[in-house]
Amino acid sequence: MLIEVWSDVTCPWCYIAHGRFEQVLDGFPHRDQIEVVQRSFELDPGRDPANVQPLADFLRERFGPAGAAMEERIAEQATHEGLAYRTDRHVGSTLDAHRLLHLAKDEGRQGEVLALLFDTNFGEAATIFTRDALVDLATRAGFAPGAARQVLDQPDAYLGAVRRDEEAAWKLGAQGVPFFVFDGRHTLTGAQPVAALRAMLDRAWAERSSTGHPAPPSLGVRP
């Protein structure tokens, strides 16, 4: 069964949802029959790659005085989930990170790369906004030396895949992330509790098993 997840690697709710969903998958008896595909959704599309700024400045510009308190509340939730969470991180363009995730999907390493992106950004407050940093991360995920560099140095590589994912999200009515699609039939939006994610997974699996019909095609990028 296919589960598609639209997210952005600088979205704290996506980070929390990822941690919760991993808990659900770890306890699911049919885990080996589940394919999870990460889809692209930039929270700040068109952002200048050179525009990397401290999170505190970004929050102040975007949300005013309420930004800092909002971030603290999110940090409390992440910590409650057992996730490392630094509030001294930076914000920047995630387009190259999304292009890397599409490369990682083709190489069968998307889950590893996504986890490293989340851990690096939120857990370590280290940059994921330069190509050097992304190449280093890909190497840590097991890519051959130079493989990620070759793709990232080509601005159009996987750009179409990113844009098609984003277009599909808007067509599905997703106005924010995380956004889950289970078996092409059921959707969930936001960092839902573990119980809600587990219930939707159980429902989608039960319906698929009872009908005996193939699921609709993937809603994201087509080959």
# chains A, B, ... in the order shown; residues from 1 in each chain; ligands from 1

call {"tool": "residues_around", "arguments": {"residues": "Pro45 of chain A", "least_positions_apart": "6", "cutoff": "9 Å", "atoms": "only C-alpha atoms", "output": "list in words"}}
result
Ser93, Thr94 and Leu95 of chain A

call {"tool": "residues_around", "arguments": {"residues": "segment 123-135 of chain A", "least_positions_apart": "3", "cutoff": "9 Å", "atoms": "only C-alpha atoms", "output": "MDAnalysis selection string"}}
result
chainID A and resid 49:50 52 83:94 96:97 100 117:120 138:140 143 145:149 152:153

call {"tool": "select_by_dssp", "arguments": {"residues": "chain A", "states": "alpha helix (DSSP H)", "output": "JSON, numbers by chain"}}
result
{"A": [12, 13, 14, 15, 16, 17, 18, 19, 20, 21, 22, 23, 24, 25, 26, 55, 56, 57, 58, 59, 60, 61, 62, 63, 66, 67, 68, 69, 70, 71, 72, 73, 74, 75, 76, 77, 78, 79, 80, 95, 96, 97, 98, 99, 100, 101, 102, 103, 104, 105, 106, 110, 111, 112, 113, 114, 115, 116, 117, 118, 131, 132, 133, 134, 135, 136, 137, 138, 139, 140, 147, 148, 149, 150, 151, 152, 159, 160, 161, 162, 163, 164, 165, 166, 167, 168, 169, 170, 171, 194, 195, 196, 197, 198, 199, 200, 201, 202, 203, 204, 205, 206, 207, 208, 209, 210, 211]}
